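Trainee: query23.txt (compact mmCIF, N, CA and C atoms) pasted underneath:
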# COMPACT_ATOMS: atom_id res chain seq x y z
N MET A 22 -77.93 20.60 46.36
CA MET A 22 -78.88 19.75 47.06
C MET A 22 -79.36 20.51 48.30
N LYS A 23 -80.67 20.49 48.47
CA LYS A 23 -81.25 21.10 49.66
C LYS A 23 -81.38 19.99 50.71
N THR A 24 -80.81 20.22 51.87
CA THR A 24 -80.84 19.17 52.90
C THR A 24 -81.62 19.56 54.14
N GLN A 25 -82.17 20.76 54.17
CA GLN A 25 -82.82 21.23 55.40
C GLN A 25 -84.09 20.44 55.76
N TYR A 26 -84.66 19.71 54.82
CA TYR A 26 -85.91 18.98 55.11
C TYR A 26 -85.72 17.47 55.15
N LEU A 27 -84.50 17.03 55.34
CA LEU A 27 -84.24 15.59 55.39
C LEU A 27 -84.87 14.93 56.59
N THR A 28 -84.93 15.63 57.70
CA THR A 28 -85.46 15.01 58.92
C THR A 28 -86.93 15.32 59.17
N SER A 29 -87.41 16.46 58.66
CA SER A 29 -88.83 16.78 58.84
C SER A 29 -89.25 17.85 57.85
N LEU A 30 -90.52 17.84 57.55
CA LEU A 30 -91.10 18.84 56.66
C LEU A 30 -91.28 20.16 57.41
N PRO A 31 -91.32 21.27 56.69
CA PRO A 31 -91.65 22.52 57.37
C PRO A 31 -93.07 22.45 57.94
N PRO A 32 -93.34 23.11 59.04
CA PRO A 32 -94.66 23.02 59.68
C PRO A 32 -95.83 23.34 58.75
N ASP A 33 -95.65 24.31 57.85
CA ASP A 33 -96.77 24.66 56.96
C ASP A 33 -97.04 23.59 55.90
N TRP A 34 -96.13 22.62 55.75
CA TRP A 34 -96.36 21.53 54.81
C TRP A 34 -97.06 20.33 55.45
N GLN A 35 -97.16 20.28 56.75
CA GLN A 35 -97.77 19.13 57.43
C GLN A 35 -99.19 18.84 56.94
N PRO A 36 -100.10 19.85 56.88
CA PRO A 36 -101.45 19.56 56.38
C PRO A 36 -101.44 19.08 54.93
N ARG A 37 -100.55 19.64 54.12
CA ARG A 37 -100.44 19.23 52.72
C ARG A 37 -99.96 17.79 52.61
N ALA A 38 -99.01 17.45 53.45
CA ALA A 38 -98.49 16.08 53.44
C ALA A 38 -99.58 15.08 53.77
N ALA A 39 -100.44 15.43 54.72
CA ALA A 39 -101.55 14.54 55.09
C ALA A 39 -102.51 14.36 53.92
N ILE A 40 -102.76 15.42 53.18
CA ILE A 40 -103.67 15.33 52.02
C ILE A 40 -103.06 14.44 50.95
N PHE A 41 -101.80 14.68 50.61
CA PHE A 41 -101.16 13.87 49.57
C PHE A 41 -101.02 12.41 50.00
N ALA A 42 -100.72 12.17 51.27
CA ALA A 42 -100.62 10.79 51.77
C ALA A 42 -101.98 10.11 51.69
N ALA A 43 -103.02 10.82 52.11
CA ALA A 43 -104.37 10.24 52.07
C ALA A 43 -104.77 9.90 50.65
N LEU A 44 -104.44 10.76 49.72
CA LEU A 44 -104.83 10.54 48.33
C LEU A 44 -103.88 9.58 47.60
N GLY A 45 -102.83 9.14 48.28
CA GLY A 45 -101.90 8.19 47.69
C GLY A 45 -102.44 6.77 47.65
N ASP A 46 -103.58 6.55 48.26
CA ASP A 46 -104.18 5.22 48.31
C ASP A 46 -105.34 5.15 47.30
N GLU A 47 -105.33 4.15 46.45
CA GLU A 47 -106.35 4.02 45.40
C GLU A 47 -107.77 3.88 45.97
N THR A 48 -107.92 3.14 47.04
CA THR A 48 -109.26 2.97 47.63
C THR A 48 -109.80 4.31 48.12
N ARG A 49 -108.94 5.12 48.74
CA ARG A 49 -109.40 6.43 49.20
C ARG A 49 -109.73 7.34 48.02
N GLN A 50 -108.99 7.22 46.93
CA GLN A 50 -109.33 7.98 45.73
C GLN A 50 -110.70 7.55 45.21
N ARG A 51 -110.94 6.25 45.20
CA ARG A 51 -112.23 5.74 44.72
C ARG A 51 -113.37 6.19 45.63
N ILE A 52 -113.12 6.23 46.93
CA ILE A 52 -114.14 6.74 47.86
C ILE A 52 -114.45 8.20 47.53
N LEU A 53 -113.43 8.99 47.34
CA LEU A 53 -113.61 10.41 47.02
C LEU A 53 -114.42 10.58 45.74
N LEU A 54 -114.16 9.74 44.75
CA LEU A 54 -114.84 9.84 43.46
C LEU A 54 -116.30 9.41 43.51
N LEU A 55 -116.73 8.79 44.60
CA LEU A 55 -118.14 8.41 44.75
C LEU A 55 -119.07 9.61 44.90
N PHE A 56 -118.57 10.68 45.47
CA PHE A 56 -119.42 11.80 45.87
C PHE A 56 -119.82 12.68 44.70
N GLU A 57 -121.10 13.03 44.67
CA GLU A 57 -121.59 14.09 43.80
C GLU A 57 -121.36 15.41 44.54
N GLU A 58 -121.34 16.51 43.83
CA GLU A 58 -121.17 17.81 44.46
C GLU A 58 -122.27 18.06 45.49
N GLY A 59 -121.86 18.41 46.71
CA GLY A 59 -122.80 18.72 47.78
C GLY A 59 -123.45 17.51 48.42
N GLU A 60 -123.10 16.32 48.00
CA GLU A 60 -123.73 15.10 48.50
C GLU A 60 -123.11 14.66 49.83
N GLU A 61 -123.95 14.10 50.69
CA GLU A 61 -123.50 13.47 51.93
C GLU A 61 -123.77 11.98 51.82
N LEU A 62 -122.79 11.18 52.19
CA LEU A 62 -122.92 9.73 52.15
C LEU A 62 -122.63 9.15 53.52
N SER A 63 -123.38 8.13 53.88
CA SER A 63 -123.16 7.44 55.15
C SER A 63 -122.10 6.36 54.96
N ILE A 64 -121.63 5.84 56.08
CA ILE A 64 -120.68 4.72 56.02
C ILE A 64 -121.31 3.56 55.26
N LYS A 65 -122.57 3.30 55.52
CA LYS A 65 -123.27 2.21 54.84
C LYS A 65 -123.32 2.45 53.33
N ASP A 66 -123.63 3.69 52.92
CA ASP A 66 -123.66 4.02 51.50
C ASP A 66 -122.32 3.71 50.84
N ILE A 67 -121.26 4.12 51.51
CA ILE A 67 -119.92 3.96 50.95
C ILE A 67 -119.49 2.49 50.98
N ALA A 68 -119.67 1.85 52.12
CA ALA A 68 -119.24 0.45 52.27
C ALA A 68 -119.95 -0.47 51.29
N SER A 69 -121.19 -0.15 50.93
CA SER A 69 -121.94 -1.02 50.02
C SER A 69 -121.36 -1.02 48.60
N GLN A 70 -120.51 -0.07 48.30
CA GLN A 70 -119.92 0.04 46.97
C GLN A 70 -118.59 -0.70 46.83
N PHE A 71 -118.10 -1.21 47.95
CA PHE A 71 -116.78 -1.85 47.96
C PHE A 71 -116.87 -3.27 48.49
N ASP A 72 -115.95 -4.09 48.06
CA ASP A 72 -115.84 -5.45 48.57
C ASP A 72 -114.81 -5.44 49.71
N LEU A 73 -115.10 -4.61 50.72
CA LEU A 73 -114.22 -4.44 51.87
C LEU A 73 -115.07 -4.52 53.13
N GLY A 74 -114.45 -4.91 54.22
CA GLY A 74 -115.15 -4.91 55.49
C GLY A 74 -115.46 -3.50 55.94
N ARG A 75 -116.49 -3.37 56.74
CA ARG A 75 -116.89 -2.06 57.26
C ARG A 75 -115.74 -1.39 58.02
N THR A 76 -115.00 -2.16 58.80
CA THR A 76 -113.88 -1.61 59.57
C THR A 76 -112.84 -0.99 58.65
N THR A 77 -112.57 -1.64 57.54
CA THR A 77 -111.60 -1.12 56.58
C THR A 77 -112.09 0.18 55.97
N VAL A 78 -113.36 0.23 55.61
CA VAL A 78 -113.94 1.45 55.05
C VAL A 78 -113.88 2.58 56.07
N VAL A 79 -114.22 2.28 57.31
CA VAL A 79 -114.17 3.29 58.38
C VAL A 79 -112.75 3.81 58.54
N HIS A 80 -111.76 2.94 58.45
CA HIS A 80 -110.36 3.37 58.53
C HIS A 80 -110.04 4.37 57.41
N HIS A 81 -110.43 4.03 56.18
CA HIS A 81 -110.17 4.92 55.05
C HIS A 81 -110.88 6.26 55.23
N LEU A 82 -112.10 6.23 55.72
CA LEU A 82 -112.85 7.47 55.96
C LEU A 82 -112.16 8.31 57.03
N ALA A 83 -111.63 7.66 58.05
CA ALA A 83 -110.94 8.38 59.12
C ALA A 83 -109.68 9.08 58.59
N VAL A 84 -108.95 8.41 57.71
CA VAL A 84 -107.76 9.02 57.11
C VAL A 84 -108.16 10.24 56.29
N LEU A 85 -109.21 10.11 55.49
CA LEU A 85 -109.69 11.23 54.68
C LEU A 85 -110.21 12.37 55.54
N GLU A 86 -110.86 12.04 56.63
CA GLU A 86 -111.36 13.07 57.54
C GLU A 86 -110.20 13.78 58.25
N LYS A 87 -109.23 13.02 58.71
CA LYS A 87 -108.08 13.61 59.41
C LYS A 87 -107.31 14.56 58.50
N ALA A 88 -107.28 14.28 57.21
CA ALA A 88 -106.60 15.13 56.24
C ALA A 88 -107.48 16.30 55.79
N ASN A 89 -108.67 16.40 56.33
CA ASN A 89 -109.64 17.45 55.99
C ASN A 89 -110.14 17.36 54.55
N ILE A 90 -110.07 16.18 53.98
CA ILE A 90 -110.61 15.95 52.65
C ILE A 90 -112.11 15.70 52.74
N LEU A 91 -112.51 14.99 53.79
CA LEU A 91 -113.93 14.76 54.07
C LEU A 91 -114.29 15.41 55.39
N ALA A 92 -115.50 15.91 55.45
CA ALA A 92 -116.07 16.39 56.71
C ALA A 92 -117.14 15.40 57.13
N VAL A 93 -117.36 15.28 58.41
CA VAL A 93 -118.40 14.38 58.91
C VAL A 93 -119.39 15.19 59.72
N ARG A 94 -120.65 14.87 59.51
CA ARG A 94 -121.74 15.49 60.25
C ARG A 94 -122.55 14.38 60.90
N ARG A 95 -122.83 14.52 62.16
CA ARG A 95 -123.62 13.51 62.88
C ARG A 95 -125.10 13.85 62.78
N ALA A 96 -125.88 12.86 62.43
CA ALA A 96 -127.35 12.98 62.41
C ALA A 96 -127.88 11.80 63.20
N GLY A 97 -128.02 12.00 64.50
CA GLY A 97 -128.38 10.88 65.38
C GLY A 97 -127.23 9.90 65.42
N LYS A 98 -127.51 8.65 65.11
CA LYS A 98 -126.47 7.62 65.09
C LYS A 98 -125.72 7.58 63.76
N LEU A 99 -126.21 8.32 62.80
CA LEU A 99 -125.64 8.30 61.45
C LEU A 99 -124.49 9.29 61.33
N ALA A 100 -123.42 8.86 60.68
CA ALA A 100 -122.31 9.74 60.33
C ALA A 100 -122.40 9.99 58.83
N LEU A 101 -122.55 11.25 58.46
CA LEU A 101 -122.68 11.62 57.05
C LEU A 101 -121.42 12.37 56.61
N TYR A 102 -120.81 11.87 55.54
CA TYR A 102 -119.56 12.43 55.04
C TYR A 102 -119.81 13.28 53.80
N SER A 103 -119.03 14.34 53.67
CA SER A 103 -119.08 15.19 52.48
C SER A 103 -117.67 15.64 52.13
N VAL A 104 -117.46 15.92 50.86
CA VAL A 104 -116.14 16.33 50.37
C VAL A 104 -115.90 17.80 50.70
N GLN A 105 -114.67 18.09 51.12
CA GLN A 105 -114.21 19.44 51.38
C GLN A 105 -113.18 19.80 50.30
N PRO A 106 -113.63 20.26 49.16
CA PRO A 106 -112.69 20.48 48.05
C PRO A 106 -111.66 21.56 48.34
N GLY A 107 -111.95 22.49 49.22
CA GLY A 107 -111.02 23.57 49.52
C GLY A 107 -109.68 23.08 50.02
N ALA A 108 -109.67 22.08 50.87
CA ALA A 108 -108.40 21.55 51.40
C ALA A 108 -107.55 20.95 50.30
N ILE A 109 -108.17 20.25 49.38
CA ILE A 109 -107.44 19.64 48.27
C ILE A 109 -106.91 20.74 47.34
N LEU A 110 -107.75 21.70 47.03
CA LEU A 110 -107.33 22.79 46.15
C LEU A 110 -106.20 23.60 46.77
N ASP A 111 -106.26 23.85 48.07
CA ASP A 111 -105.19 24.59 48.74
C ASP A 111 -103.86 23.83 48.66
N ALA A 112 -103.92 22.52 48.86
CA ALA A 112 -102.69 21.72 48.79
C ALA A 112 -102.11 21.73 47.38
N LEU A 113 -102.97 21.58 46.39
CA LEU A 113 -102.50 21.59 45.00
C LEU A 113 -101.94 22.97 44.62
N GLU A 114 -102.61 24.02 45.08
CA GLU A 114 -102.14 25.37 44.78
C GLU A 114 -100.78 25.64 45.42
N SER A 115 -100.60 25.23 46.66
CA SER A 115 -99.32 25.47 47.31
C SER A 115 -98.21 24.66 46.64
N LEU A 116 -98.52 23.45 46.18
CA LEU A 116 -97.53 22.67 45.44
C LEU A 116 -97.21 23.34 44.11
N ARG A 117 -98.23 23.83 43.43
CA ARG A 117 -98.02 24.55 42.17
C ARG A 117 -97.12 25.76 42.37
N LEU A 118 -97.40 26.54 43.41
CA LEU A 118 -96.59 27.73 43.69
C LEU A 118 -95.14 27.36 44.01
N TYR A 119 -94.96 26.31 44.79
CA TYR A 119 -93.61 25.86 45.12
C TYR A 119 -92.85 25.49 43.84
N ILE A 120 -93.49 24.73 42.99
CA ILE A 120 -92.84 24.30 41.75
C ILE A 120 -92.51 25.50 40.87
N GLU A 121 -93.45 26.44 40.77
CA GLU A 121 -93.19 27.63 39.96
C GLU A 121 -92.02 28.45 40.51
N GLU A 122 -91.93 28.56 41.84
CA GLU A 122 -90.86 29.35 42.45
C GLU A 122 -89.50 28.65 42.34
N GLU A 123 -89.47 27.35 42.53
CA GLU A 123 -88.20 26.62 42.58
C GLU A 123 -87.70 26.16 41.23
N TYR A 124 -88.57 26.07 40.24
CA TYR A 124 -88.18 25.51 38.95
C TYR A 124 -88.57 26.43 37.80
N THR A 125 -88.38 27.72 37.98
CA THR A 125 -88.76 28.72 36.99
C THR A 125 -88.14 28.44 35.63
N ALA A 126 -86.84 28.21 35.59
CA ALA A 126 -86.16 27.99 34.30
C ALA A 126 -86.64 26.72 33.62
N THR A 127 -86.83 25.67 34.38
CA THR A 127 -87.30 24.40 33.81
C THR A 127 -88.71 24.54 33.25
N ILE A 128 -89.55 25.26 33.96
CA ILE A 128 -90.93 25.48 33.49
C ILE A 128 -90.92 26.30 32.21
N ARG A 129 -90.11 27.35 32.20
CA ARG A 129 -90.01 28.20 31.00
C ARG A 129 -89.57 27.37 29.80
N GLU A 130 -88.56 26.52 30.01
CA GLU A 130 -88.07 25.67 28.92
C GLU A 130 -89.16 24.71 28.46
N HIS A 131 -89.86 24.12 29.39
CA HIS A 131 -90.94 23.18 29.07
C HIS A 131 -92.03 23.89 28.24
N ARG A 132 -92.40 25.08 28.66
CA ARG A 132 -93.44 25.82 27.94
C ARG A 132 -92.96 26.23 26.55
N ASN A 133 -91.69 26.59 26.43
CA ASN A 133 -91.16 26.93 25.11
C ASN A 133 -91.16 25.73 24.19
N ASN A 134 -90.89 24.56 24.72
CA ASN A 134 -90.89 23.33 23.92
C ASN A 134 -92.30 22.90 23.51
N GLN A 135 -93.30 23.35 24.26
CA GLN A 135 -94.68 23.02 23.94
C GLN A 135 -95.21 23.84 22.76
N SER A 136 -94.58 24.98 22.52
CA SER A 136 -95.04 25.89 21.45
C SER A 136 -94.67 25.41 20.08
What does this structure look like when you write it as structure tokens?

Mentor:
Amino acid sequence: MKTQYLTSLPPDWQPRAAIFAALGDETRQRILLLFEEGEELSIKDIASQFDLGRTTVVHHLAVLEKANILAVRRAGKLALYSVQPGAILDALESLRLYIEEEYTATIREHRNNQS
């Protein structure tokens, strides 16, 4: 049993943890799935798709922004959000690498059973 991370995650995992936590909520996943590639959406655009109060939508957007999943650009009074796929891909890649390094034998066995 590895016990070194019982009290806190390693510092390089903090950004990844924020991404996975943000994506752990179904509403935030649905918000993310609204976007077309390269598209910017306003709070109004997003809120109009949900049966949620504007404050709730703004909260979800803030969580996604803090995790670097969404970027926000100001255009006057308008806040325009866009997806930052690099942050998500980096988190998934680092998780993949961790699993490959720590569970080599299990992965090999799994792949052999798939053949």

Trainee: To one decimal place, how far is atom N of Thr24 (chain A) from atom C of Ala88 (chain A) in Å?

Mentor: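 Pair atom N of Thr24 (chain A) / atom C of Ala88 (chain A) returns 27.2 Å.
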
Trainee: Go ahead and compute the interatomic distance for atom N of Glu47 (chain A) and atom N of Leu82 (chain A), in Å to one decimal.

Mentor: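 Separation of atom N of Glu47 (chain A) and atom N of Leu82 (chain A): 11.7 Å.
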
Trainee: What's around region 69-74 of chain A at 12 Å? Count only C-alpha atoms, leave out sequence neighbours fewer than 3 positions away in its own chain, and write the answer as a PyMOL selection string.

Mentor: chain A and resi 48-49+51-52+54-56+62-66+77-81

Trainee: Name all residues at most 12 Å from Lys87 (chain A) (count only C-alpha atoms; drop same-chain ones fewer than 5 positions away) and give them as a list in words.

Mentor: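 Here the qualifying residues turn out to be Gln35, Pro36, Arg37, Ala38, Ala39, Ile40, Ala42, Ala43, Leu44, His80, His81, Leu82, Ala92, Val93, Gln105 and Ala108 of chain A.
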
Trainee: Can I get the selected residues back with N, CA and C atoms, as an mmCIF file, in the coordinates of the input?

Mentor:
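For reference, part38.cif as written:
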data_model
loop_
_atom_site.group_PDB
_atom_site.id
_atom_site.type_symbol
_atom_site.label_atom_id
_atom_site.label_comp_id
_atom_site.auth_asym_id
_atom_site.auth_seq_id
_atom_site.Cartn_x
_atom_site.Cartn_y
_atom_site.Cartn_z
ATOM 1 N N GLN A 35 -97.160 20.280 56.750
ATOM 2 C CA GLN A 35 -97.770 19.130 57.430
ATOM 3 C C GLN A 35 -99.190 18.840 56.940
ATOM 4 N N PRO A 36 -100.100 19.850 56.880
ATOM 5 C CA PRO A 36 -101.450 19.560 56.380
ATOM 6 C C PRO A 36 -101.440 19.080 54.930
ATOM 7 N N ARG A 37 -100.550 19.640 54.120
ATOM 8 C CA ARG A 37 -100.440 19.230 52.720
ATOM 9 C C ARG A 37 -99.960 17.790 52.610
ATOM 10 N N ALA A 38 -99.010 17.450 53.450
ATOM 11 C CA ALA A 38 -98.490 16.080 53.440
ATOM 12 C C ALA A 38 -99.580 15.080 53.770
ATOM 13 N N ALA A 39 -100.440 15.430 54.720
ATOM 14 C CA ALA A 39 -101.550 14.540 55.090
ATOM 15 C C ALA A 39 -102.510 14.360 53.920
ATOM 16 N N ILE A 40 -102.760 15.420 53.180
ATOM 17 C CA ILE A 40 -103.670 15.330 52.020
ATOM 18 C C ILE A 40 -103.060 14.440 50.950
ATOM 19 N N ALA A 42 -100.720 12.170 51.270
ATOM 20 C CA ALA A 42 -100.620 10.790 51.770
ATOM 21 C C ALA A 42 -101.980 10.110 51.690
ATOM 22 N N ALA A 43 -103.020 10.820 52.110
ATOM 23 C CA ALA A 43 -104.370 10.240 52.070
ATOM 24 C C ALA A 43 -104.770 9.900 50.650
ATOM 25 N N LEU A 44 -104.440 10.760 49.720
ATOM 26 C CA LEU A 44 -104.830 10.540 48.330
ATOM 27 C C LEU A 44 -103.880 9.580 47.600
ATOM 28 N N HIS A 80 -111.760 2.940 58.450
ATOM 29 C CA HIS A 80 -110.360 3.370 58.530
ATOM 30 C C HIS A 80 -110.040 4.370 57.410
ATOM 31 N N HIS A 81 -110.430 4.030 56.180
ATOM 32 C CA HIS A 81 -110.170 4.920 55.050
ATOM 33 C C HIS A 81 -110.880 6.260 55.230
ATOM 34 N N LEU A 82 -112.100 6.230 55.720
ATOM 35 C CA LEU A 82 -112.850 7.470 55.960
ATOM 36 C C LEU A 82 -112.160 8.310 57.030
ATOM 37 N N ALA A 92 -115.500 15.910 55.450
ATOM 38 C CA ALA A 92 -116.070 16.390 56.710
ATOM 39 C C ALA A 92 -117.140 15.400 57.130
ATOM 40 N N VAL A 93 -117.360 15.280 58.410
ATOM 41 C CA VAL A 93 -118.400 14.380 58.910
ATOM 42 C C VAL A 93 -119.390 15.190 59.720
ATOM 43 N N GLN A 105 -114.670 18.090 51.120
ATOM 44 C CA GLN A 105 -114.210 19.440 51.380
ATOM 45 C C GLN A 105 -113.180 19.800 50.300
ATOM 46 N N ALA A 108 -109.670 22.080 50.870
ATOM 47 C CA ALA A 108 -108.400 21.550 51.400
ATOM 48 C C ALA A 108 -107.550 20.950 50.300
#

Trainee: Measure the distance from CA of Ala112 (chain A) to CA of Phe41 (chain A) in Å and round it to one decimal.

Mentor: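 These two atoms are separated by 8.0 Å.
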
Trainee: Enumerate, as an NGL selection string, the complete set of residues in chain A that a backbone-based DSSP assignment places in helix (DSSP H, G or I).

Mentor: :A and (32-43 or 47-55 or 64-68 or 75-87 or 106-123 or 125-135)

Trainee: For each of A:Pro32, A:Leu27, A:Ser103, A:Ala83, take the minimum atom-to-atom distance to Gly59 (chain A), counting all atoms listed in the file, then give the residue where this is smallest.

Mentor: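 Distance minimum relative to Gly59 (chain A) lands on A:Ser103.
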